[in-house]
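Engineer: Pasting in a structure now, in structure tokens, and then I'll have a few things to ask.
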Amino acid sequence: MPLALLALAIGAFGIGTTEFVIMGLLPEIAGNYGVSIPTAGLLVTGYAIGVVIGAPLMTVLGTRISRKTMLLVLMGLFVIGNLLSALAPGFGVMLGGRIVASMAHGAFFGIGSVAAAGLVAPHKKAGAIATMFTGLTVANVVGVPLGTFIGQAVGWRTTFAIVAGLGLVGLLGIAVLVPAMPRPEGTRLRPELTAFRNPQVLLAMAMTVLGFGGVFAAITYVAPMMTQVAGYSADAVTWLLVLFGAGMFLGNLLGGRFADRALMPLLYTTLGGLAVVLALFTLTAHDKVAAAASIFLVGALGFATVPPLQKRVLDQAHGAPTLASAVNIGAFNLGNALAAWLGGLVIAAGLGYTAPNWVGALLAAAALALAFWSAALERRAPAREPAGAAVPVPALVRD
């Protein structure tokens with residue numbers, strides 16, 4: 001494995017920790033600021049919206065400088081945002097800190113995905129992307145549960161201060177391990193925008209929004225769901241998040257392996273399974289053992305979709321992968337924002353803490369329908385050489 005992939009995984013670890021640790025700390029933050037759980041859920045929605053906006057914006061800015069330099073800038077922004085969250089005197093400032101940190105998220109994973117894919121042979125692209133995303137999944141096995149434990153034991157502000165420190169470690173890792181990656185000659189915004197004329201790119205991004213949104217509909221409110229419905233203690237949430245992270249880690253590895261072999265069949269299986277598990281989670285949330293198993297399966301099935309969805313966008317974008325890759329990372333977080341908002345709505349409407357699971361199931365089912373539609377359109381399309389096929393893809397995504 002190239003050391004550059006390890007460095008990207010280190011950065012992903014820090015970003016993954018700050019993105020997901022908020023789930024286990026919602027009750028503590030809500031209590032500290034005197035707001036409701038659905039209102040505290042806006043910290044998830046705000047972060048996700050920041051990613052949606054920041055992904056294309058920061059990626060476009062990044063076309064002016066080398067990719068390594070841009071990755072360092074993004075990690076610096078990430079550190080500032082988390083320090084702001086740690087010191088926030090009020091809920092509004094806390095939300096602002098989350099948004100600042102999130103501006104780095106999409107561009108980091110977007111630029112990082114292209115860089116990772118360009119470091120390996122064409123048939124190993126999805127595996128390289130999965131290696132970088134391993135940092136995100138390891139964060140959910142180690143960083144998020146540990147951050148939740150620290151937040152509950154010492155205070156959530158300490159958690160975000162430590163996350164800022166993780167960002168500094170990631171920045172150092174990139175500076176030392178990632179090789180110099182000068183800005184590629186001929187990089188222009190207009191060719192990158194042409195990728196969005198391809199309906200298959202837009203369909204892949206829509207699948208991303210709906211499919212991964214299904215995961216966040218349930219997981220955003222997992223702490224109150226497990227304590228108020230399943231009957232777990234607040235301390236047990238840490239270990240439940242370990243289960244979720246373990247599922248994500250396994251799903252990411254399997255997704256990276258099989259996406260290179262059978263991408264669309266993998267999507268049919270994972271999205272269909274996710275819809276079923278989320279629907280059943282409404283019932284299994286009332287039993288401790290069944291709820292724990294459901295959390296693991298949601299993580300595994302949800303993250304098994306990440307490598308194939310990201311690879312689908314890269315494949316369909318052909319000669320303009322950078323912006324499309326970053327926007328697709330934004331699409332993951334648009335789904336997160338939509339799902340967290342919808343989950344908060346059904347809870348606020350008095351439907352209970354399990355209601356977001358039905359929201360997630362419907363979102364995953366809609367993503368599955370789009371996957372079948374995308375494949376049908378592809379089969380009916382006249383055979384022709386795709387745009388940009390005259391130039392090998394690896395040469396376009398390498399620095």
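As shown in the structure tokens, the chain order sets the letters A, B, ...; within each chain, residues go from 1, and ligands are also counted from 1 in the order they appear.
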What lies within 7 Å of A:Gly41 using only C-alpha atoms, ignoring chain neighbours under 4 positions off, as a tab-separated table (two decimals) with C-alpha atoms, in the first residue's frame?
Structural biologist:
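Output file part-v9.tsv follows:
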chain	number	residue	atom	x	y	z
A	37	ILE	CA	-33.08	16.96	20.81
A	45	THR	CA	-27.84	19.06	9.47
A	340	ALA	CA	-31.41	14.30	9.98
A	344	GLY	CA	-36.19	15.49	13.62
Engineer: Enumerate, in order of chain and increasing residue number, the residues of stretch 109-149 of chain A with an atom no farther than 10 Å from stretch 48-71 of chain A, each with its shortest atom pair and distance in Å to one decimal, counting only C-alpha atoms, as a tab-separated table.
Structural biologist:
residue	atom	partner	partner_atom	distance
A:Phe109	CA	A:Ala55	CA	8.8
A:Gly110	CA	A:Ala55	CA	7.5
A:Ile111	CA	A:Arg67	CA	7.1
A:Gly112	CA	A:Leu71	CA	8.0
A:Val114	CA	A:Arg67	CA	10.0
A:Ala115	CA	A:Arg67	CA	8.3
Engineer: Those same residues, written as a JSON list (two decimals), in the first residue's frame with N, CA and C atoms?
Structural biologist:
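Saved to part-v1.json:
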[["chain", "number", "residue", "atom", "x", "y", "z"],
["A", 109, "PHE", "N", -12.24, 14.63, 0.86],
["A", 109, "PHE", "CA", -12.53, 13.28, 0.37],
["A", 109, "PHE", "C", -12.62, 13.25, -1.16],
["A", 110, "GLY", "N", -13.09, 14.35, -1.75],
["A", 110, "GLY", "CA", -13.17, 14.39, -3.21],
["A", 110, "GLY", "C", -11.80, 14.38, -3.86],
["A", 111, "ILE", "N", -10.94, 15.31, -3.42],
["A", 111, "ILE", "CA", -9.58, 15.38, -3.96],
["A", 111, "ILE", "C", -8.81, 14.12, -3.55],
["A", 112, "GLY", "N", -9.02, 13.68, -2.32],
["A", 112, "GLY", "CA", -8.34, 12.48, -1.86],
["A", 112, "GLY", "C", -8.74, 11.24, -2.63],
["A", 114, "VAL", "N", -9.69, 11.06, -5.80],
["A", 114, "VAL", "CA", -9.04, 11.11, -7.11],
["A", 114, "VAL", "C", -7.55, 10.78, -6.97],
["A", 115, "ALA", "N", -6.92, 11.35, -5.95],
["A", 115, "ALA", "CA", -5.50, 11.07, -5.72],
["A", 115, "ALA", "C", -5.27, 9.60, -5.40]]
Engineer: Counting only C-alpha atoms, figure out which residue out of A:Phe160, A:Phe244, A:Trp239, A:Phe249 gets nearest to A:Val215.
Structural biologist: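 So, comparing all the options, the nearest one is A:Phe244.
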Engineer: Quote the spacing between atom CA of A:Val21 and atom CA of A:Leu77 in Å to one decimal place.
Structural biologist: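 We find that atom CA of A:Val21 and atom CA of A:Leu77 lie 18.4 Å from each other.
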Engineer: Find the spatial neighbours of A:Leu345, counting only C-alpha atoms, within a cut-off of 12 Å - ignore same-chain residues fewer than 2 positions away - and output them as a list in words.
Structural biologist: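 The residues that qualify are Ile37, Pro38, Thr39, Gly41, Leu42, Ala217, Tyr221, Leu338, Ala339, Ala340, Trp341, Leu342, Gly343, Ile347, Ala348, Ala349, Gly350, Leu351, Gly352, Tyr353, Ala355, Pro356 and Val359 of chain A.
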Engineer: Measure the distance from atom CA of A:Ala293 to atom CA of A:Leu263 in Å and round it to one decimal.
Structural biologist: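 Between atom CA of A:Ala293 and atom CA of A:Leu263 the gap works out to 26.0 Å.
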Engineer: Which value, in Å to one decimal, gives the distance between atom CA of A:Leu253 and atom CA of A:Ala4?
Structural biologist: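 Between atom CA of A:Leu253 and atom CA of A:Ala4 the gap is 18.5 Å.
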Engineer: For a quick check of understanding, using only C-alpha atoms, which of A:Ser36, A:Thr284, A:Thr17, A:Thr137 has the smallest distance to A:Asn82?
Structural biologist: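 Of A:Ser36, A:Thr284, A:Thr17, A:Thr137, the one nearest A:Asn82, counting only C-alpha atoms, is A:Thr17.
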Engineer: Using only C-alpha atoms, which residue out of A:Leu136, A:Val142, A:Val209, A:Ala161 lies closest to A:Gly97?
Structural biologist: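 So, comparing all the options, the nearest one is A:Ala161.
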Engineer: Can you pull out every residue within 9 Å of stretch 299-312 of chain A, counting only C-alpha atoms, but drop anything in the same chain fewer than 2 positions away, and send it as a PyMOL selection string?
Structural biologist: chain A and resi 113+125-127+129-130+133+137+200-201+204-205+207-208+211-212+214-215+219+243-260+263-264+266-267+269-271+273-274+277+294-297+314-317+325+328-329+332
Engineer: Using the chain letters and numbers from this document, which residues of stretch 69-231 of chain A does DSSP assign to helix (DSSP H, G or I), as a PyMOL selection string?
Structural biologist: chain A and resi 69-87+91-102+105-118+122-153+156-177+189-197+199-219+222-230
Engineer: Calculated over only C-alpha atoms, which of the candidates A:Asn333, A:Thr159, A:Gln228, A:Asn198 has the smallest distance to A:Met103?
Structural biologist: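 Result for the nearest residue to A:Met103: A:Asn333.
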Engineer: Counting only C-alpha atoms, what are the residues of stretch 61-178 of chain A within 8 Å of stretch 27-33 of chain A, and for each of them which pair of atoms is the nearest and at what distance in Å, to one decimal? Sort the table by chain and rising number, as a tab-separated table.
Structural biologist:
residue	atom	partner	partner_atom	distance
A:Gly90	CA	A:Tyr33	CA	6.8
A:Phe91	CA	A:Tyr33	CA	6.2
A:Gln152	CA	A:Glu28	CA	7.2
A:Trp156	CA	A:Ile29	CA	7.2
Engineer: With C-alpha atoms retained, export the selected residues as an mmCIF file, in the first residue's frame.
Structural biologist:
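out_23.cif, freshly written:
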data_model
loop_
_atom_site.group_PDB
_atom_site.id
_atom_site.type_symbol
_atom_site.label_atom_id
_atom_site.label_comp_id
_atom_site.auth_asym_id
_atom_site.auth_seq_id
_atom_site.Cartn_x
_atom_site.Cartn_y
_atom_site.Cartn_z
ATOM 1 C CA GLY A 90 -23.720 29.476 22.714
ATOM 2 C CA PHE A 91 -25.532 27.072 20.399
ATOM 3 C CA GLN A 152 -19.955 11.961 28.761
ATOM 4 C CA TRP A 156 -18.229 17.371 25.238
#
Engineer: Counting only C-alpha atoms, which of A:Gly81, A:Gly92, A:Gly360, A:Gly335 gets nearest to A:Leu278?
Structural biologist: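 Looking only at the distances to A:Leu278, the closest residue turns out to be A:Gly360.
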